[in-house]
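> Supplied structure: work.tsv, TSV, C-alpha atoms.
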```tsv
chain	number	residue	atom	x	y	z
A	1	MET	CA	0.00	0.00	0.00
A	2	LYS	CA	1.27	3.47	-0.92
A	3	THR	CA	2.18	5.67	2.01
A	4	ILE	CA	2.75	9.38	2.49
A	5	SER	CA	6.33	10.40	1.74
A	6	LEU	CA	7.10	11.90	5.16
A	7	PRO	CA	9.93	10.25	7.14
A	8	GLN	CA	8.69	7.02	8.64
A	9	GLY	CA	10.92	7.23	11.75
A	10	THR	CA	9.70	7.21	15.26
A	11	LEU	CA	9.99	11.00	15.59
A	12	THR	CA	6.26	11.62	15.17
A	13	LYS	CA	5.43	9.00	17.75
A	14	ARG	CA	7.95	10.48	20.17
A	15	LEU	CA	6.64	13.98	19.57
A	16	LEU	CA	3.12	12.78	20.15
A	17	CYS	CA	4.15	11.15	23.43
A	18	LEU	CA	6.07	14.25	24.47
A	19	GLY	CA	3.12	16.48	23.60
A	20	LEU	CA	0.73	14.29	25.55
A	21	LEU	CA	3.08	14.15	28.52
A	22	GLY	CA	3.46	17.92	28.43
A	23	TRP	CA	-0.29	18.36	28.24
A	24	MET	CA	-0.83	15.98	31.14
A	25	GLY	CA	1.80	17.88	33.14
A	26	LEU	CA	0.07	21.18	32.47
A	27	MET	CA	-3.25	19.59	33.36
A	28	THR	CA	-1.85	18.40	36.71
A	29	LEU	CA	-0.43	21.86	37.42
A	30	SER	CA	-3.75	23.50	36.58
A	31	TYR	CA	-5.62	21.07	38.81
A	32	ARG	CA	-3.24	21.73	41.70
A	33	GLN	CA	-3.77	25.46	41.20
A	34	ALA	CA	-7.51	24.92	41.27
A	35	LEU	CA	-7.24	22.91	44.49
A	36	LYS	CA	-5.06	25.63	46.02
A	37	GLY	CA	-7.74	28.18	45.16
A	38	GLU	CA	-10.36	26.03	46.84
A	39	GLU	CA	-8.23	25.66	49.98
A	40	LYS	CA	-7.73	29.42	50.09
A	41	THR	CA	-11.46	30.05	49.80
A	42	THR	CA	-12.18	27.57	52.58
A	43	SER	CA	-9.59	29.06	54.93
A	44	GLN	CA	-10.81	32.58	54.24
A	45	GLN	CA	-14.40	31.65	54.89
A	46	SER	CA	-13.39	31.14	58.50
A	47	LEU	CA	-12.60	34.85	58.68
A	48	GLN	CA	-16.23	35.75	58.09
A	49	GLY	CA	-17.77	38.35	60.36
A	50	THR	CA	-16.43	41.46	58.70
A	51	ALA	CA	-17.39	40.25	55.26
A	52	LYS	CA	-18.86	42.61	52.74
A	53	THR	CA	-20.33	41.87	49.31
A	54	VAL	CA	-20.09	44.26	46.38
A	55	ILE	CA	-21.27	44.12	42.80
A	56	ILE	CA	-18.84	45.46	40.23
A	57	PRO	CA	-19.99	46.07	36.64
A	58	VAL	CA	-17.43	44.67	34.19
A	59	LYS	CA	-17.26	45.76	30.55
A	60	GLY	CA	-15.41	43.87	27.83
A	61	MET	CA	-16.09	40.23	28.76
A	62	SER	CA	-17.05	38.25	25.69
A	63	CYS	CA	-16.85	34.60	26.62
A	64	SER	CA	-16.37	32.03	29.36
A	65	ALA	CA	-12.60	32.46	29.13
A	66	CYS	CA	-13.01	36.16	30.10
A	67	GLN	CA	-15.35	35.12	32.89
A	68	ALA	CA	-12.80	32.58	34.15
A	69	ASN	CA	-9.98	35.11	33.86
A	70	VAL	CA	-11.78	37.70	36.01
A	71	LYS	CA	-12.90	35.10	38.51
A	72	GLN	CA	-9.47	33.52	38.90
A	73	ASN	CA	-7.61	36.81	39.32
A	74	VAL	CA	-10.05	38.39	41.76
A	75	ALA	CA	-10.25	35.18	43.78
A	76	SER	CA	-6.46	35.11	44.09
A	77	LEU	CA	-6.45	38.42	46.03
A	78	GLN	CA	-5.85	38.14	49.77
A	79	GLY	CA	-9.09	38.77	51.64
A	80	VAL	CA	-11.44	37.72	48.85
A	81	GLN	CA	-13.83	35.05	50.13
A	82	ASP	CA	-16.07	34.42	47.16
A	83	VAL	CA	-16.39	35.58	43.55
A	84	THR	CA	-19.23	35.05	41.09
A	85	VAL	CA	-18.89	36.49	37.61
A	86	SER	CA	-21.93	36.79	35.37
A	87	LEU	CA	-21.36	37.03	31.65
A	88	GLU	CA	-25.01	37.79	31.02
A	89	LYS	CA	-25.27	40.63	33.57
A	90	ARG	CA	-21.68	41.67	32.84
A	91	GLU	CA	-20.82	42.01	36.52
A	92	ALA	CA	-18.76	40.44	39.29
A	93	LYS	CA	-20.18	39.78	42.74
A	94	VAL	CA	-17.35	39.73	45.27
A	95	THR	CA	-17.46	38.88	48.97
A	96	TYR	CA	-14.35	40.08	50.77
A	97	THR	CA	-13.00	40.65	54.27
A	98	GLN	CA	-12.99	44.33	55.12
A	99	GLY	CA	-9.54	45.62	55.99
A	100	LYS	CA	-7.79	42.89	54.01
A	101	VAL	CA	-8.72	44.11	50.56
A	102	SER	CA	-10.54	47.21	49.32
A	103	PRO	CA	-13.09	47.64	46.51
A	104	GLU	CA	-10.53	49.89	44.78
A	105	GLN	CA	-8.06	46.99	44.69
A	106	LEU	CA	-10.74	44.74	43.19
A	107	VAL	CA	-11.46	47.33	40.50
A	108	LYS	CA	-7.74	47.81	39.82
A	109	THR	CA	-7.22	44.05	39.41
A	110	ILE	CA	-10.06	43.79	36.89
A	111	ASN	CA	-8.83	46.84	34.96
A	112	GLU	CA	-5.32	45.45	34.80
A	113	LEU	CA	-6.68	42.40	32.99
A	114	GLY	CA	-7.87	44.62	30.16
A	115	TYR	CA	-11.54	44.87	31.15
A	116	GLN	CA	-13.32	47.98	32.38
A	117	ALA	CA	-14.62	47.75	35.93
A	118	GLY	CA	-17.31	50.19	37.02
A	119	LYS	CA	-18.03	51.61	40.46
A	120	PRO	CA	-18.58	48.88	43.10
A	121	VAL	CA	-22.04	48.90	44.65
A	122	GLU	CA	-22.84	47.16	47.93
A	123	ALA	CA	-25.01	44.11	47.30
A	124	LYS	CA	-28.47	44.07	48.88
A	125	LYS	CA	-29.00	41.25	51.35
B	1	MET	CA	-11.75	50.03	23.44
B	2	THR	CA	-14.26	47.38	24.53
B	3	LEU	CA	-17.02	46.06	22.31
B	4	GLU	CA	-19.53	47.80	24.60
B	5	ASP	CA	-17.83	51.14	23.91
B	6	PHE	CA	-17.97	50.49	20.19
B	7	ILE	CA	-21.66	49.54	20.22
B	8	GLU	CA	-22.54	52.45	22.52
B	9	ARG	CA	-20.85	54.86	20.15
B	10	PHE	CA	-22.68	53.59	17.07
B	11	GLY	CA	-25.76	52.28	18.87
B	12	ASP	CA	-28.15	54.83	17.36
B	13	SER	CA	-27.53	53.64	13.82
B	14	LEU	CA	-28.26	50.01	14.77
B	15	SER	CA	-31.95	50.60	15.28
B	16	GLN	CA	-32.37	52.25	11.88
B	17	GLY	CA	-31.98	49.16	9.67
B	18	SER	CA	-29.90	51.16	7.20
B	19	PHE	CA	-26.80	50.21	5.22
B	20	LEU	CA	-24.78	51.95	7.95
B	21	SER	CA	-26.23	49.67	10.62
B	22	PHE	CA	-25.01	46.59	8.71
B	23	ALA	CA	-21.59	48.17	8.19
B	24	VAL	CA	-21.41	48.90	11.95
B	25	THR	CA	-22.49	45.32	12.72
B	26	LEU	CA	-19.82	43.89	10.41
B	27	LEU	CA	-17.22	46.07	12.10
B	28	ALA	CA	-18.57	45.03	15.51
B	29	GLY	CA	-17.93	41.40	14.52
B	30	ILE	CA	-14.35	42.21	13.59
B	31	VAL	CA	-13.88	44.24	16.81
B	32	ALA	CA	-15.33	41.32	18.80
B	33	SER	CA	-12.69	39.04	17.27
B	34	GLY	CA	-10.02	41.63	18.00
B	35	VAL	CA	-10.86	42.10	21.67
B	36	CYS	CA	-11.84	38.52	22.57
B	37	PRO	CA	-8.88	36.80	24.28
B	38	CYS	CA	-9.96	33.49	22.74
B	39	THR	CA	-9.21	34.74	19.24
B	40	LEU	CA	-5.44	34.35	19.50
B	41	PRO	CA	-5.29	30.76	20.81
B	42	VAL	CA	-8.12	29.57	18.58
B	43	GLY	CA	-6.66	31.47	15.60
B	44	LEU	CA	-3.40	29.62	16.22
B	45	GLY	CA	-5.25	26.34	16.60
B	46	MET	CA	-7.22	26.93	13.42
B	47	ALA	CA	-4.02	27.78	11.53
B	48	GLY	CA	-2.65	24.48	12.86
B	49	LEU	CA	-5.76	22.65	11.70
B	50	VAL	CA	-5.50	24.13	8.20
B	51	SER	CA	-1.75	23.50	8.01
B	52	SER	CA	-1.97	19.89	9.10
B	53	SER	CA	-4.94	19.29	6.83
B	54	ALA	CA	-3.21	20.86	3.82
B	55	GLN	CA	-0.15	18.73	4.51
B	56	THR	CA	-1.68	15.40	5.34
B	57	ASN	CA	-4.16	15.51	2.48
B	58	ASN	CA	-1.56	16.81	0.06
B	59	SER	CA	-4.15	18.83	-1.81
B	60	ARG	CA	-3.98	22.44	-2.95
B	61	GLN	CA	-7.64	23.08	-2.17
B	62	GLN	CA	-7.80	21.32	1.16
B	63	GLY	CA	-6.45	24.23	3.24
B	64	PHE	CA	-8.85	26.64	1.55
B	65	LEU	CA	-11.80	24.32	2.12
B	66	VAL	CA	-10.96	23.80	5.80
B	67	ALA	CA	-10.56	27.56	6.37
B	68	THR	CA	-13.85	28.22	4.58
B	69	ALA	CA	-15.60	25.50	6.58
B	70	PHE	CA	-14.32	27.05	9.81
B	71	PHE	CA	-15.60	30.47	8.68
B	72	ALA	CA	-18.96	28.96	7.67
B	73	GLY	CA	-19.30	27.32	11.10
B	74	ILE	CA	-19.05	30.70	12.82
B	75	VAL	CA	-21.49	32.38	10.41
B	76	VAL	CA	-24.10	29.59	10.60
B	77	ASN	CA	-23.84	29.38	14.38
B	78	LEU	CA	-24.28	33.11	14.92
B	79	THR	CA	-27.16	33.30	12.44
B	80	LEU	CA	-28.91	30.48	14.30
B	81	LEU	CA	-28.20	32.14	17.65
B	82	GLY	CA	-29.66	35.36	16.28
B	83	ALA	CA	-32.78	33.47	15.26
B	84	LEU	CA	-32.99	31.83	18.67
B	85	ALA	CA	-32.06	35.03	20.50
B	86	GLY	CA	-34.10	33.98	23.53
B	87	ARG	CA	-31.69	31.10	24.15
B	88	LEU	CA	-28.66	33.35	24.39
B	89	GLY	CA	-29.14	33.78	28.12
B	90	ALA	CA	-28.93	30.03	28.70
B	91	ILE	CA	-25.63	29.93	26.81
B	92	LEU	CA	-24.15	32.60	29.05
B	93	THR	CA	-24.56	30.70	32.31
B	94	GLU	CA	-21.48	29.58	34.21
B	95	SER	CA	-22.38	25.88	34.06
B	96	PHE	CA	-22.78	26.02	30.28
B	97	GLY	CA	-19.45	27.88	29.98
B	98	ARG	CA	-17.76	25.25	32.12
B	99	TYR	CA	-18.79	22.31	29.93
B	100	TRP	CA	-18.25	24.28	26.76
B	101	ALA	CA	-14.63	24.99	27.84
B	102	LEU	CA	-14.12	21.28	28.65
B	103	GLY	CA	-15.52	20.37	25.22
B	104	MET	CA	-13.16	22.82	23.50
B	105	ALA	CA	-10.20	21.38	25.47
B	106	ILE	CA	-11.03	17.80	24.44
B	107	ILE	CA	-11.72	18.64	20.78
B	108	SER	CA	-8.48	20.65	20.54
B	109	LEU	CA	-6.53	17.79	22.09
B	110	LEU	CA	-8.00	15.34	19.57
B	111	ALA	CA	-7.14	17.76	16.74
B	112	ALA	CA	-3.57	17.97	18.09
B	113	ILE	CA	-3.28	14.17	18.09
B	114	ILE	CA	-4.54	14.01	14.50
B	115	SER	CA	-2.13	16.79	13.57
B	116	PHE	CA	0.85	14.89	15.00
B	117	TYR	CA	-0.26	11.49	13.81
B	118	GLY	CA	-1.80	12.44	10.42
B	119	PRO	CA	1.36	12.26	8.29
B	120	ARG	CA	1.94	8.66	9.39
B	121	LEU	CA	-1.42	7.46	8.17
B	122	LYS	CA	-1.80	5.43	5.01
B	123	GLU	CA	-3.57	6.90	1.97
B	124	LYS	CA	-6.81	5.00	2.52
B	125	GLN	CA	-7.05	6.24	6.10
B	126	LEU	CA	-6.32	9.76	4.94
B	127	ALA	CA	-9.09	9.51	2.37
B	128	VAL	CA	-11.47	8.72	5.23
B	129	LEU	CA	-10.11	11.67	7.23
B	130	ARG	CA	-10.37	14.11	4.32
B	131	LYS	CA	-14.11	14.57	4.51
B	132	PRO	CA	-14.29	14.92	8.30
B	133	GLY	CA	-11.45	17.44	7.91
B	134	ILE	CA	-13.92	19.88	6.40
B	135	SER	CA	-16.95	18.99	8.48
B	136	GLY	CA	-14.65	18.74	11.52
B	137	ALA	CA	-13.48	22.33	10.97
B	138	PHE	CA	-17.11	23.38	10.62
B	139	GLY	CA	-18.07	21.62	13.85
B	140	TYR	CA	-15.03	22.99	15.69
B	141	SER	CA	-15.83	26.60	14.79
B	142	PHE	CA	-19.53	26.02	15.47
B	143	ILE	CA	-18.77	24.96	19.04
B	144	PHE	CA	-16.14	27.68	19.41
B	145	SER	CA	-18.49	30.51	18.41
B	146	LEU	CA	-21.27	29.09	20.58
B	147	GLY	CA	-19.27	29.94	23.67
B	148	THR	CA	-17.39	33.01	22.55
B	149	SER	CA	-19.89	35.06	20.60
B	150	ALA	CA	-23.17	34.84	22.50
B	151	ALA	CA	-22.32	37.72	24.87
B	152	PRO	CA	-21.42	40.29	22.16
B	153	LEU	CA	-24.33	39.10	20.02
B	154	LEU	CA	-26.75	39.54	22.91
B	155	LEU	CA	-25.45	43.05	23.46
B	156	LEU	CA	-25.81	43.88	19.77
B	157	LEU	CA	-29.34	42.49	19.55
B	158	SER	CA	-30.43	44.30	22.70
B	159	VAL	CA	-29.22	47.61	21.25
B	160	ALA	CA	-30.94	46.88	17.94
B	161	ALA	CA	-34.13	45.67	19.66
B	162	ALA	CA	-35.87	49.00	18.96
B	163	THR	CA	-36.97	47.78	15.52
B	164	ALA	CA	-38.58	44.64	17.05
B	165	SER	CA	-38.20	42.78	13.76
B	166	PRO	CA	-37.01	39.14	13.96
B	167	VAL	CA	-35.82	39.22	10.32
B	168	TYR	CA	-33.73	42.30	11.04
B	169	GLY	CA	-32.25	40.55	14.08
B	170	LEU	CA	-31.42	37.53	11.92
B	171	LEU	CA	-29.72	39.67	9.26
B	172	LEU	CA	-27.74	41.52	11.92
B	173	SER	CA	-26.61	38.20	13.39
B	174	LEU	CA	-25.57	36.97	9.94
B	175	THR	CA	-23.59	40.18	9.33
B	176	PHE	CA	-22.03	39.99	12.78
B	177	GLY	CA	-21.07	36.36	12.13
B	178	ILE	CA	-19.36	37.31	8.85
B	179	GLY	CA	-17.38	40.02	10.66
B	180	ARG	CA	-16.53	37.63	13.50
B	181	GLY	CA	-15.36	34.92	11.10
B	182	LEU	CA	-13.40	37.07	8.62
B	183	PRO	CA	-10.19	37.32	10.68
B	184	PHE	CA	-10.20	33.52	11.07
B	185	LEU	CA	-10.78	33.08	7.34
B	186	PHE	CA	-7.76	35.26	6.54
B	187	VAL	CA	-5.60	33.47	9.11
B	188	GLY	CA	-6.68	30.10	7.68
B	189	LEU	CA	-6.03	31.11	4.09
B	190	PHE	CA	-2.60	32.45	5.05
B	191	ALA	CA	-1.76	29.26	6.96
B	192	GLY	CA	-2.91	27.15	4.00
B	193	ALA	CA	-0.74	29.19	1.61
B	194	VAL	CA	2.31	28.85	3.87
B	195	SER	CA	1.72	25.09	4.15
B	196	ARG	CA	1.51	24.70	0.38
B	197	PHE	CA	4.68	26.70	-0.03
B	198	ALA	CA	6.36	24.43	2.49
B	199	GLN	CA	5.23	21.19	0.81
B	200	LEU	CA	8.58	20.52	-0.78
B	201	THR	CA	10.87	22.12	1.74
B	202	TRP	CA	12.30	21.17	5.12
B	203	PHE	CA	9.74	23.57	6.68
B	204	ARG	CA	7.16	20.86	6.26
B	205	ARG	CA	8.24	18.98	9.34
B	206	SER	CA	8.49	22.16	11.43
B	207	ILE	CA	5.02	23.31	10.40
B	208	GLN	CA	3.59	19.93	11.31
B	209	ILE	CA	5.15	20.17	14.79
B	210	MET	CA	4.02	23.78	15.25
B	211	SER	CA	0.47	22.86	14.17
B	212	GLY	CA	0.20	20.15	16.78
B	213	GLY	CA	1.82	22.41	19.38
B	214	ALA	CA	-0.65	25.21	18.67
B	215	LEU	CA	-3.59	22.84	19.09
B	216	LEU	CA	-2.14	21.50	22.34
B	217	PHE	CA	-1.88	25.09	23.58
B	218	VAL	CA	-5.56	25.72	22.73
B	219	SER	CA	-6.48	22.57	24.62
B	220	TYR	CA	-4.52	23.75	27.66
B	221	TYR	CA	-6.04	27.24	27.44
B	222	TYR	CA	-9.59	25.87	27.61
B	223	LEU	CA	-8.68	23.39	30.31
B	224	GLN	CA	-7.54	26.35	32.44
B	225	THR	CA	-10.87	28.04	31.75
B	226	TYR	CA	-12.76	24.91	32.75
B	227	LEU	CA	-10.81	24.54	36.00
B	228	ALA	CA	-11.25	28.23	36.90
B	229	LEU	CA	-15.01	27.97	36.39
B	230	MET	CA	-15.12	24.74	38.39
B	231	GLN	CA	-14.04	26.51	41.58
B	232	ASP	CA	-17.38	27.03	43.27
```
Taking this structure as input, can you express it in the form of structure tokens?

Amino acid sequence: MKTISLPQGTLTKRLLCLGLLGWMGLMTLSYRQALKGEEKTTSQQSLQGTAKTVIIPVKGMSCSACQANVKQNVASLQGVQDVTVSLEKREAKVTYTQGKVSPEQLVKTINELGYQAGKPVEAKK
Amino acid sequence: MTLEDFIERFGDSLSQGSFLSFAVTLLAGIVASGVCPCTLPVGLGMAGLVSSSAQTNNSRQQGFLVATAFFAGIVVNLTLLGALAGRLGAILTESFGRYWALGMAIISLLAAIISFYGPRLKEKQLAVLRKPGISGAFGYSFIFSLGTSAAPLLLLLSVAAATASPVYGLLLSLTFGIGRGLPFLFVGLFAGAVSRFAQLTWFRRSIQIMSGGALLFVSYYYLQTYLALMQD
């Protein structure tokens, strides 16, 4: 049977294995990061008592990757207890510990990602 | 400039149904592709898809057909979304986004495997792959635009809602889809041309490796998105 004229060596197979190994490595790293984030959220929830929730309008999000980007970066700030980002409402709902992080820092973090954060408004209970 | 800024600036013309409103919508599609962070990784992935397809199938037209199929997938998807505008909200939920990102990661990984493994396949197997190469590109872009374009489309349709005409909404969605897909079409055509040029040179091997690498990167990018959205 006629085959394609590319080299028939084992290079492709090795590259494929390397690629898959690399991908699996990155996947493991990502998962560990995700777990770390979860641990952080759990430990910060114990600081509740001075928690405050604000809603920040966010312009410029177009897809779930933007949503994930905002969520991940805001959640990584010290003092942030919970983050929910809505693509439909184009806003982020952030619960944070007062004194550990300020609404201005939340806005600055979002703006630094390339989105436009509006004025934070305290969420109604 | 965000897409919201762009639509706010030209929002008045959108409710008129004039030639200008379609021109603005087409531009909005291009702006949406320009500002969406998914454009770069998926553009790279699509270039990889076209390159590997043009190389493995050894056909001059194959790259063009795959790029066109990818473009058509975006246009058809956005036109359908425009027609089913009421469903846009459901597509914007976090749980949908989560599974969509996982789907993109898996599909991109499979495309990367095919890209790496394709040149080792025998001619008969490649003949089987040739057809899915085109429909695969269509399906890939269809799923891609489902997750990445609903938010800007919803914004556009809400601004244009003053006319309250479903046909107008459909035409706007079609125009937006063409604008959204054009940058990908150009990237695909360019990648196909480069691949054809490289058919007989030592670049061939490098392009094949880069194609697979680009698709692996797209897979990783969406996996990150999935994991970030999973943290609840």
> With a distance cut-off of 8 Å and all atoms listed in the file, select the neighbouring residues of Gly79 (chain A), excluding the residue or stretch itself and same-chain residues fewer than 5 positions from it, and output the selection as a list in words.
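Listed by chain and then number, they are Gln44, Tyr96, Thr97, Gln98, Lys100 and Val101 of chain A.
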> Create the file for the chosen residues now, containing C-alpha atoms and written as a compact mmCIF listing (two decimals), in the frame of the given file.

```txt
# COMPACT_ATOMS: atom_id res chain seq x y z
CA GLN A 44 -10.81 32.58 54.24
CA TYR A 96 -14.35 40.08 50.77
CA THR A 97 -13.00 40.65 54.27
CA GLN A 98 -12.99 44.33 55.12
CA LYS A 100 -7.79 42.89 54.01
CA VAL A 101 -8.72 44.11 50.56
```
> Measuring atom to atom with only C-alpha atoms, identify which of A:Ser102, A:Ser76, A:Gln116, A:Asn111 is nearest to chain B.
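Selected residue with least distance to chain B: A:Gln116.
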> Rank B:Ser51, B:Thr175, B:Gln61, B:Ser211 by their smallest atom-to-atom distance to chain A, using all atoms listed in the file, and report the top residue only.
B:Ser211
> I'd like the neighbourhood of Phe184 (chain B) as JSON, numbers by chain, where a residue qualifies if any of its atoms comes within 10 Å (using only C-alpha atoms), though same-chain residues fewer than 6 positions away should be ignored.
{"B": [30, 33, 39, 40, 42, 43, 44, 46, 47, 67, 68, 70, 71, 74, 141, 190]}
> Just to confirm, what's the straight-line distance from CA of Thr2 (chain B) to CA of Met61 (chain A) in Å (one decimal)?
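Interatomic distance, CA of Thr2 (chain B) to CA of Met61 (chain A): 8.5 Å.
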> How many Å lie between CA of Ala214 (chain B) and CA of Ala111 (chain B), rounded to one decimal?
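Computing it gives 10.1 Å between the two atoms.
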> Report, in Å with one decimal, the straight-line distance from CA of Arg9 (chain B) to CA of Gly169 (chain B).
19.3 Å
> Measuring between all atoms listed in the file, which one of A:Val107, A:Leu21, A:Val80, A:Leu113 shows the shortest distance to Lys52 (chain A)?
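Result for the nearest residue to Lys52 (chain A): A:Val80.
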> Hey, which of B:Thr25, B:Ser206, B:Ser145, B:Gln224 ends up closest to Gly48 (chain B)? Count all atoms listed in the file.
B:Ser206
> Using only C-alpha atoms, find all polymer residues with an atom at most 9 Å away from the point (-24.0, 38.5, 17.4); report them as a compact mmCIF listing (two decimals) with C-alpha atoms, in the frame of the given file.

```txt
# COMPACT_ATOMS: atom_id res chain seq x y z
CA THR B 25 -22.49 45.32 12.72
CA ALA B 28 -18.57 45.03 15.51
CA GLY B 29 -17.93 41.40 14.52
CA LEU B 78 -24.28 33.11 14.92
CA THR B 79 -27.16 33.30 12.44
CA LEU B 81 -28.20 32.14 17.65
CA GLY B 82 -29.66 35.36 16.28
CA SER B 149 -19.89 35.06 20.60
CA ALA B 150 -23.17 34.84 22.50
CA ALA B 151 -22.32 37.72 24.87
CA PRO B 152 -21.42 40.29 22.16
CA LEU B 153 -24.33 39.10 20.02
CA LEU B 154 -26.75 39.54 22.91
CA LEU B 155 -25.45 43.05 23.46
CA LEU B 156 -25.81 43.88 19.77
CA LEU B 157 -29.34 42.49 19.55
CA LEU B 172 -27.74 41.52 11.92
CA SER B 173 -26.61 38.20 13.39
CA LEU B 174 -25.57 36.97 9.94
CA THR B 175 -23.59 40.18 9.33
CA PHE B 176 -22.03 39.99 12.78
CA GLY B 177 -21.07 36.36 12.13
CA ARG B 180 -16.53 37.63 13.50
```
> Quick one: residues within 12 Å of Ser108 (chain B), only C-alpha atoms counted, chain neighbours fewer than 6 positions away excluded, as a count of residues only?
32
> For chain B, which residue among A:Leu106, A:Val74, A:Ala92, A:Cys66 is the nearest when counting all atoms listed in the file?
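Looking at the shortest contact to chain B, the residue is A:Cys66.
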> B:Leu109, B:Leu189, B:Leu170, B:Ala23: which is nearest chain A, counting all atoms listed in the file?
B:Leu109
